[in-house]
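S.K.: File query_31.tsv follows (TSV, C-alpha atoms and all ligand atoms):
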```tsv
chain	number	residue	atom	x	y	z
A	1	MET	CA	20.63	-7.66	41.27
A	2	ALA	CA	19.01	-10.61	42.91
A	3	LYS	CA	16.37	-8.28	44.22
A	4	TYR	CA	14.97	-8.06	40.73
A	5	GLY	CA	15.51	-11.69	39.92
A	6	TRP	CA	17.93	-10.90	37.13
A	7	SER	CA	20.96	-12.83	36.15
A	8	SER	CA	24.16	-11.47	34.68
A	9	GLU	CA	24.15	-14.34	32.26
A	10	LEU	CA	22.25	-14.23	29.02
A	11	THR	CA	19.64	-16.89	29.48
A	12	GLN	CA	17.17	-16.94	26.71
A	13	LYS	CA	13.96	-18.45	27.73
A	14	MET	CA	11.13	-18.96	25.50
A	15	ILE	CA	8.12	-17.31	26.97
A	16	LEU	CA	4.95	-15.78	25.80
A	17	PHE	CA	4.04	-17.12	22.45
A	18	SER	CA	4.99	-18.87	19.32
A	19	PHE	CA	2.43	-17.90	16.82
A	20	LEU	CA	2.12	-19.55	13.47
A	21	TRP	CA	0.33	-17.90	10.63
A	22	ILE	CA	-2.09	-16.29	12.93
A	23	LEU	CA	-1.52	-12.84	14.25
A	24	THR	CA	-2.79	-10.24	11.85
A	25	LYS	CA	-2.42	-6.62	12.71
A	26	ALA	CA	-3.76	-4.04	10.31
A	27	ASN	CA	-0.87	-3.93	7.91
A	28	LEU	CA	1.32	-6.85	8.82
A	29	VAL	CA	1.11	-10.57	9.24
A	30	ILE	CA	3.53	-12.18	11.66
A	31	LYS	CA	4.43	-15.63	10.57
A	32	ASN	CA	6.55	-18.30	12.20
A	33	THR	CA	7.84	-15.80	14.67
A	34	SER	CA	8.76	-16.28	18.30
A	35	LEU	CA	9.87	-13.77	20.86
A	36	PHE	CA	12.53	-14.70	23.37
A	37	ALA	CA	13.01	-12.71	26.54
A	38	ALA	CA	16.51	-12.38	27.91
A	39	ASP	CA	17.58	-11.70	31.49
A	40	GLY	CA	20.22	-9.17	32.43
A	41	ASP	CA	20.91	-5.46	32.37
A	42	PHE	CA	20.39	-4.16	28.85
A	43	SER	CA	20.18	-0.50	29.83
A	44	HIS	CA	23.33	0.28	27.87
A	45	LEU	CA	21.38	-0.49	24.69
A	46	MET	CA	18.91	2.26	25.37
A	47	ASN	CA	18.85	5.39	23.28
A	48	PRO	CA	16.10	7.79	24.38
A	49	SER	CA	15.83	9.34	20.91
A	50	ASP	CA	14.92	5.93	19.44
A	51	VAL	CA	12.14	5.16	21.93
A	52	ILE	CA	8.68	5.02	20.43
A	53	THR	CA	5.24	4.33	21.87
A	54	SER	CA	3.86	0.84	21.44
A	55	MET	CA	0.85	-0.38	23.33
A	56	THR	CA	1.73	-4.03	23.85
A	57	LEU	CA	4.55	-6.51	23.59
A	58	ILE	CA	2.88	-7.96	20.50
A	59	SER	CA	2.61	-4.59	18.79
A	60	SER	CA	6.26	-4.03	19.65
A	61	GLY	CA	7.09	-7.27	17.88
A	62	VAL	CA	5.06	-6.09	14.90
A	63	LEU	CA	6.94	-2.78	14.85
A	64	CYS	CA	10.22	-4.67	14.92
A	65	LEU	CA	9.22	-7.01	12.08
A	66	ASP	CA	8.05	-3.99	10.12
A	67	LYS	CA	11.64	-2.73	9.96
A	68	PRO	CA	13.84	-5.04	7.90
A	69	ASP	CA	16.98	-4.68	10.02
A	70	CYS	CA	15.27	-5.04	13.41
A	71	VAL	CA	16.29	-8.27	15.16
A	72	SER	CA	15.66	-7.41	18.79
A	73	PHE	CA	13.98	-4.74	20.88
A	74	LEU	CA	13.43	-3.32	24.33
A	75	PHE	CA	9.91	-3.00	25.71
A	76	ASN	CA	8.58	-1.25	28.78
A	77	PRO	CA	5.12	-2.57	29.73
A	78	LYS	CA	4.55	0.23	32.24
A	79	THR	CA	5.24	3.18	29.95
A	80	LYS	CA	4.11	1.35	26.78
A	81	GLN	CA	7.33	2.21	25.02
A	82	MET	CA	9.71	0.24	22.88
A	83	GLN	CA	13.03	0.65	21.12
A	84	ARG	CA	14.10	-1.35	18.08
A	85	LEU	CA	17.60	-2.75	17.75
A	86	SER	CA	19.40	-3.92	14.62
A	87	TYR	CA	21.70	-6.31	16.49
A	88	VAL	CA	21.49	-8.94	19.21
A	89	GLY	CA	22.49	-7.31	22.46
A	90	THR	CA	24.42	-8.72	25.35
A	91	PRO	CA	23.82	-7.70	28.96
A	92	SER	CA	26.31	-5.43	30.67
A	93	GLY	CA	25.97	-7.08	34.06
A	94	THR	CA	23.44	-7.27	36.82
A	95	GLY	CA	20.24	-5.34	36.63
A	96	GLY	CA	19.47	-2.10	38.38
A	97	ALA	CA	16.53	0.05	39.32
A	98	ASN	CA	17.01	2.23	36.24
A	99	VAL	CA	16.13	-0.65	33.95
A	100	MET	CA	13.69	-2.57	36.08
A	101	ASP	CA	10.68	-1.86	33.89
A	102	TRP	CA	12.41	-2.56	30.60
A	103	ARG	CA	12.74	-5.99	29.08
A	104	TYR	CA	14.87	-7.17	26.22
A	105	TYR	CA	13.46	-9.43	23.47
A	106	ILE	CA	14.97	-11.22	20.53
A	107	ILE	CA	12.97	-11.93	17.39
A	108	LYS	CA	13.42	-15.40	16.02
A	109	LYS	CA	12.04	-16.35	12.64
A	110	GLU	CA	11.41	-20.02	12.10
A	111	PRO	CA	11.81	-21.60	8.66
A	112	LEU	CA	8.67	-21.08	6.67
A	113	VAL	CA	6.89	-24.25	5.57
A	114	CYS	CA	4.04	-24.00	3.08
A	115	GLU	CA	1.13	-26.41	3.00
A	116	PRO	CA	0.74	-28.76	0.03
A	117	GLY	CA	-0.49	-26.83	-2.98
A	118	TRP	CA	1.02	-23.56	-1.77
A	119	GLU	CA	4.19	-22.12	-3.29
A	120	LYS	CA	6.84	-20.62	-1.06
A	121	PHE	CA	8.55	-17.34	-1.87
A	122	GLN	CA	10.48	-15.35	0.71
A	123	ASP	CA	8.24	-14.88	3.76
A	124	SER	CA	4.93	-15.93	2.21
A	125	CYS	CA	3.07	-18.89	0.76
A	126	TYR	CA	1.04	-18.48	-2.43
A	127	LEU	CA	-1.92	-20.41	-3.78
A	128	PHE	CA	-2.56	-20.16	-7.52
A	129	SER	CA	-6.09	-21.41	-7.87
A	130	ALA	CA	-7.35	-23.67	-10.61
A	131	SER	CA	-10.86	-22.41	-9.86
A	132	TYR	CA	-12.24	-19.08	-10.90
A	133	GLY	CA	-14.94	-16.52	-10.26
A	134	ASN	CA	-15.50	-12.83	-9.72
A	135	TRP	CA	-13.19	-10.72	-7.59
A	136	ASN	CA	-15.27	-11.02	-4.43
A	137	SER	CA	-15.47	-14.80	-4.73
A	138	GLY	CA	-11.67	-14.77	-5.01
A	139	LYS	CA	-11.46	-12.73	-1.83
A	140	LEU	CA	-13.68	-15.25	-0.03
A	141	PHE	CA	-11.79	-18.20	-1.53
A	142	CYS	CA	-8.52	-16.87	-0.14
A	143	GLU	CA	-10.03	-16.09	3.26
A	144	ASN	CA	-11.57	-19.55	3.43
A	145	ASN	CA	-8.09	-20.94	2.79
A	146	GLY	CA	-6.64	-18.98	5.68
A	147	GLY	CA	-5.09	-16.20	3.62
A	148	TYR	CA	-5.94	-13.11	1.65
A	149	MET	CA	-5.89	-12.16	-1.99
A	150	VAL	CA	-2.27	-11.59	-2.95
A	151	GLU	CA	-0.66	-8.24	-2.14
A	152	ILE	CA	2.24	-7.56	-4.47
A	153	THR	CA	4.41	-5.02	-2.73
A	154	ASN	CA	7.79	-5.15	-4.42
A	155	LEU	CA	9.51	-6.09	-7.67
A	156	ALA	CA	10.82	-9.44	-6.39
A	157	GLU	CA	7.36	-10.60	-5.37
A	158	ASP	CA	5.87	-9.26	-8.60
A	159	THR	CA	8.46	-11.15	-10.63
A	160	PHE	CA	7.81	-14.38	-8.72
A	161	VAL	CA	4.04	-14.17	-9.17
A	162	ARG	CA	4.17	-13.14	-12.84
A	163	ASP	CA	6.73	-15.84	-13.65
A	164	PHE	CA	4.50	-18.43	-12.05
A	165	VAL	CA	1.37	-17.55	-13.99
A	166	ARG	CA	3.36	-17.03	-17.18
A	167	ASN	CA	4.79	-20.54	-16.97
A	168	ARG	CA	1.72	-22.45	-15.91
A	169	ALA	CA	-0.72	-23.98	-18.34
A	170	PHE	CA	-4.29	-22.80	-17.99
A	171	THR	CA	-7.06	-25.18	-18.84
A	172	ALA	CA	-9.94	-22.76	-19.12
A	173	TYR	CA	-10.14	-19.31	-20.66
A	174	GLU	CA	-11.45	-18.04	-17.33
A	175	THR	CA	-8.21	-18.99	-15.60
A	176	ARG	CA	-5.98	-17.17	-18.08
A	177	ASP	CA	-5.93	-13.94	-16.08
A	178	SER	CA	-5.67	-13.81	-12.29
A	179	TRP	CA	-7.25	-11.60	-9.69
A	180	ILE	CA	-4.94	-9.96	-7.21
A	181	GLY	CA	-5.99	-8.16	-4.04
A	182	GLY	CA	-6.02	-4.62	-5.41
A	183	THR	CA	-9.16	-2.53	-5.70
A	184	ASP	CA	-10.24	1.11	-5.98
A	185	VAL	CA	-13.90	0.38	-5.34
A	186	VAL	CA	-14.02	2.68	-2.30
A	187	THR	CA	-12.30	5.72	-3.82
A	188	GLU	CA	-11.84	5.92	-7.57
A	189	ASN	CA	-8.19	5.77	-8.59
A	190	THR	CA	-6.99	5.15	-5.02
A	191	PHE	CA	-5.95	1.53	-5.15
A	192	VAL	CA	-5.66	-0.41	-1.90
A	193	TRP	CA	-4.86	-4.00	-1.00
A	194	ILE	CA	-8.01	-5.61	0.38
A	195	GLY	CA	-6.16	-7.78	2.92
A	196	SER	CA	-4.30	-5.01	4.70
A	197	GLY	CA	-6.14	-1.88	3.56
A	198	GLN	CA	-2.80	-0.36	2.56
A	199	THR	CA	-2.57	1.84	-0.51
A	200	PHE	CA	-0.26	0.69	-3.29
A	201	THR	CA	3.38	1.54	-2.68
A	202	TYR	CA	4.48	-0.57	-5.64
A	203	SER	CA	2.65	-1.19	-8.90
A	204	ASN	CA	3.30	-2.62	-12.33
A	205	TRP	CA	0.48	-1.42	-14.53
A	206	GLY	CA	0.12	-2.52	-18.12
A	207	PRO	CA	-0.10	0.00	-20.96
A	208	ASN	CA	-2.72	2.73	-20.42
A	209	ASN	CA	-3.86	1.22	-17.13
A	210	PRO	CA	-5.48	1.83	-14.80
A	211	ASP	CA	-7.95	3.55	-17.09
A	212	ASN	CA	-11.25	2.81	-15.34
A	213	SER	CA	-12.58	2.06	-18.80
A	214	GLY	CA	-16.34	2.43	-18.97
A	215	GLY	CA	-16.26	4.02	-15.52
A	216	ASN	CA	-16.61	0.73	-13.66
A	217	GLN	CA	-13.21	-0.97	-13.48
A	218	HIS	CA	-12.35	-1.28	-9.81
A	219	CYS	CA	-10.51	-4.60	-9.41
A	220	VAL	CA	-7.03	-5.61	-10.51
A	221	ILE	CA	-5.91	-8.57	-12.62
A	222	LEU	CA	-2.66	-9.86	-14.00
A	223	PHE	CA	-3.53	-9.53	-17.68
A	224	GLN	CA	-2.01	-12.15	-19.97
A	225	PRO	CA	-1.98	-10.03	-23.17
A	226	SER	CA	0.16	-7.48	-21.28
A	227	ASP	CA	2.57	-10.21	-20.12
A	228	TYR	CA	0.69	-10.30	-16.83
A	229	LYS	CA	1.15	-6.66	-15.98
A	230	TRP	CA	-1.65	-5.15	-13.98
A	231	HIS	CA	-4.97	-3.97	-15.41
A	232	ASP	CA	-8.03	-2.63	-13.69
A	233	THR	CA	-11.15	-4.41	-14.84
A	234	GLN	CA	-14.76	-5.01	-13.84
A	235	CYS	CA	-14.99	-6.84	-10.51
A	236	THR	CA	-17.80	-9.01	-11.89
A	237	ASN	CA	-15.53	-10.57	-14.52
A	238	THR	CA	-14.42	-14.18	-14.12
A	239	ASN	CA	-10.77	-14.98	-13.47
A	240	SER	CA	-8.61	-17.27	-11.36
A	241	PHE	CA	-7.34	-16.22	-7.94
A	242	ILE	CA	-3.96	-15.83	-6.33
A	243	CYS	CA	-3.91	-16.07	-2.53
A	244	GLU	CA	-1.17	-15.28	-0.07
A	245	LYS	CA	-0.58	-16.07	3.57
A	301	CA	CA	-11.56	2.15	-10.92
A	302	CA	CA	-8.47	-1.17	-17.35
```
Once you've parsed the file, please lay out its structure as structure tokens.
M.R.:
Amino acid sequence: MAKYGWSSELTQKMILFSFLWILTKANLVIKNTSLFAADGDFSHLMNPSDVITSMTLISSGVLCLDKPDCVSFLFNPKTKQMQRLSYVGTPSGTGGANVMDWRYYIIKKEPLVCEPGWEKFQDSCYLFSASYGNWNSGKLFCENNGGYMVEITNLAEDTFVRDFVRNRAFTAYETRDSWIGGTDVVTENTFVWIGSGQTFTYSNWGPNNPDNSGGNQHCVILFQPSDYKWHDTQCTNTNSFICEK
């Protein structure tokens, strides 16, 4: 109804934000993502059993991106609730009081473009460094380049990264093996990704690893003699770095 300034027509207007590379929230990076608000009555899309609490519009967007089939969502700024949708909705007509606090948003992912020197794979860019150092210097190197030490969270990503290092020539012994972002330095044998703090949900350990050999192996490398499967090793060792952003 005109009273609420809503139109029966689906007019997508870009509002709010278009954030590139930037927004990091605990366990997720939103990249090349824009939110579009749509006018109209979308109350017919609501399903009370699917409503979840989300503090902000941005965290609602994060929750949507966190679910692979989510392409749009409803958000209520007054009740701090949202509902994810796996399709692009169309309005049923003019708005009404029952939906006045809810807004409908569409997620739009822009094509990902990686900077020179970074390799693109799926939704991330990867930097395979020619320099080397200990694990912490790798962490700082990646952060200084706007990313984080690589987090390998599925077989496809693991295959991409291992293929890359397997096929590249290394010029120094120190660059043969590569640091990745995994560590169990906080709690022995609980490996987490340093960028997100998430525990491993996927892993590809080499034979007999992790073994915490000598009692002080708390950082993870792609180990060439194991065809670049993962080994825990001493964080003070010297290897090349793989960054992601
Ligand atoms: Ca360890
Ligand atoms: Ca080991």
S.K.: Go ahead and compute the interatomic distance for CA of Ser131 (chain A) and CA of Glu119 (chain A), in Å to one decimal.
M.R.: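 Computed distance, CA of Ser131 (chain A) to CA of Glu119 (chain A), equals 16.4 Å.
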S.K.: Between CA of Pro111 (chain A) and CA of Lys245 (chain A), what is the distance in Å, rounded to a tenth?
M.R.: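 Computing the Euclidean distance for CA of Pro111 (chain A) and CA of Lys245 (chain A) yields 14.5 Å.
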S.K.: Please indicate the distance in Å from CA of Ser178 (chain A) to CA of Phe160 (chain A), rounded to one decimal place.
M.R.: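 These atoms are spaced 14.0 Å apart.
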S.K.: In terms of the shortest atom-to-atom distance over all atoms listed in the file, which of A:Glu188, A:Glu244, A:Glu151, A:Asp177 is closest to ligand CA 301 (chain A)?
M.R.: A:Glu188
S.K.: List every residue of chain A that has an atom at most 10 Å from any atom of ligand CA 302 (chain A), giving for each one its closest atom pair and the distance in Å to one decimal, counting only C-alpha atoms and all ligand atoms, sorted by chain and then by ascending residue number, as CSV.
M.R.:
```
residue,atom,partner,partner_atom,distance
A:Trp205,CA,A:CA302,CA,9.4
A:Gly206,CA,A:CA302,CA,8.7
A:Pro207,CA,A:CA302,CA,9.2
A:Asn208,CA,A:CA302,CA,7.6
A:Asn209,CA,A:CA302,CA,5.2
A:Pro210,CA,A:CA302,CA,4.9
A:Asp211,CA,A:CA302,CA,4.8
A:Asn212,CA,A:CA302,CA,5.3
A:Ser213,CA,A:CA302,CA,5.4
A:Gly214,CA,A:CA302,CA,8.8
A:Gly215,CA,A:CA302,CA,9.5
A:Asn216,CA,A:CA302,CA,9.1
A:Gln217,CA,A:CA302,CA,6.1
A:His218,CA,A:CA302,CA,8.5
A:Cys219,CA,A:CA302,CA,8.9
A:Val220,CA,A:CA302,CA,8.3
A:Ile221,CA,A:CA302,CA,9.1
A:Phe223,CA,A:CA302,CA,9.7
A:Trp230,CA,A:CA302,CA,8.6
A:His231,CA,A:CA302,CA,4.9
A:Asp232,CA,A:CA302,CA,4.0
A:Thr233,CA,A:CA302,CA,4.9
A:Gln234,CA,A:CA302,CA,8.2
```
S.K.: So that I can check the surroundings of Lys139 (chain A), please list as a list in words every protein, DNA and RNA residue that reaches within 7 Å of it, counting only C-alpha atoms and ignoring chain neighbours fewer than 4 positions away.
M.R.: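 Everything that qualifies: Trp135, Glu143, Tyr148 and Met149 of chain A.
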S.K.: Could you write those residues out with C-alpha atoms, as a JSON list (two decimals), in the frame of the given file?
M.R.:
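Listing of again.json after writing:
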```
[["chain", "number", "residue", "atom", "x", "y", "z"],
["A", 135, "TRP", "CA", -13.19, -10.72, -7.59],
["A", 143, "GLU", "CA", -10.03, -16.09, 3.26],
["A", 148, "TYR", "CA", -5.94, -13.11, 1.65],
["A", 149, "MET", "CA", -5.89, -12.16, -1.99]]
```
S.K.: Could you check which of A:Ala156, A:Gly117, A:Tyr126, A:Asn237 is closest to Tyr173 (chain A), using all atoms listed in the file?
M.R.: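 Of A:Ala156, A:Gly117, A:Tyr126, A:Asn237, the one nearest Tyr173 (chain A) is A:Asn237, counting all atoms listed in the file.
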S.K.: Which of these residues is nearest to Leu35 (chain A), using all atoms listed in the file: A:Asn145, A:Thr171, A:Ser59, A:Ser203?
M.R.: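 Using all atoms listed in the file, the shortest distance to Leu35 (chain A) belongs to A:Ser59.
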S.K.: Nearest to ligand CA 301 (chain A) among A:Asp184, A:Asp163, A:Glu115, A:Asp66, with distances taken over all atoms listed in the file: which residue is it?
M.R.: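 Closest to ligand CA 301 (chain A) of all the choices is A:Asp184.
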S.K.: Step by step, gather every atom of region 97-116 of chain A that the file lists, find the box along x, y and z that holds them, add 3 Å on each side, and finally give centre and edge lengths in Å to one decimal, as JSON.
M.R.:
```
{"center_x": 8.9, "center_y": -13.3, "center_z": 19.7, "size_x": 22.3, "size_y": 37.0, "size_z": 45.3}
```
S.K.: Counting only C-alpha atoms, select every polymer residue within 12 Å of (3.6, -0.7, 19.7) as defined in the file's coordinates, and provide the selection as a list of chain:residue names.
M.R.: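 Protein, DNA and RNA residues close to (3.6, -0.7, 19.7): A:Lys25, A:Val51, A:Ile52, A:Thr53, A:Ser54, A:Met55, A:Thr56, A:Leu57, A:Ile58, A:Ser59, A:Ser60, A:Gly61, A:Val62, A:Leu63, A:Cys64, A:Leu65, A:Asp66, A:Phe73, A:Leu74, A:Phe75, A:Asn76, A:Pro77, A:Thr79, A:Lys80, A:Gln81, A:Met82, A:Gln83, A:Arg84.
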S.K.: Neighbours of Ile194 (chain A) within 7 Å (only C-alpha atoms; same-chain residues fewer than 5 positions away dropped), as a tab-separated table (two decimals) with C-alpha atoms, keeping the file's coordinate frame?
M.R.:
```tsv
chain	number	residue	atom	x	y	z
A	181	GLY	CA	-5.99	-8.16	-4.04
A	182	GLY	CA	-6.02	-4.62	-5.41
A	183	THR	CA	-9.16	-2.53	-5.70
```
S.K.: Could you please give me, as a PyMOL selection string, the residues of protein, DNA or RNA lying at most 6 Å from (1.1, -4.6, -3.1) in the coordinate frame of the file, considering all atoms listed in the file?
M.R.: chain A and resi 151-153+200+202
S.K.: Any idea what's packed within 10 Å of Thr90 (chain A), counting all atoms listed in the file, ignoring anything in its chain fewer than 2 positions away? Could you give it as a VMD selection string?
M.R.: chain A and resid 8 to 10 38 to 42 44 to 45 87 to 88 92 to 93 104
S.K.: Could you check which of A:Gln122, A:Pro225, A:Phe191, A:Pro91 is closest to ligand CA 301 (chain A), using all atoms listed in the file?
M.R.: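 Closest residue, counting all atoms listed in the file: A:Phe191.
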S.K.: Could you tell me which of A:Ala169, A:Cys125, A:Ile180, A:Met100 comes closest to Val113 (chain A) if we count only C-alpha atoms?
M.R.: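 The answer is A:Cys125, which sits nearest to Val113 (chain A).
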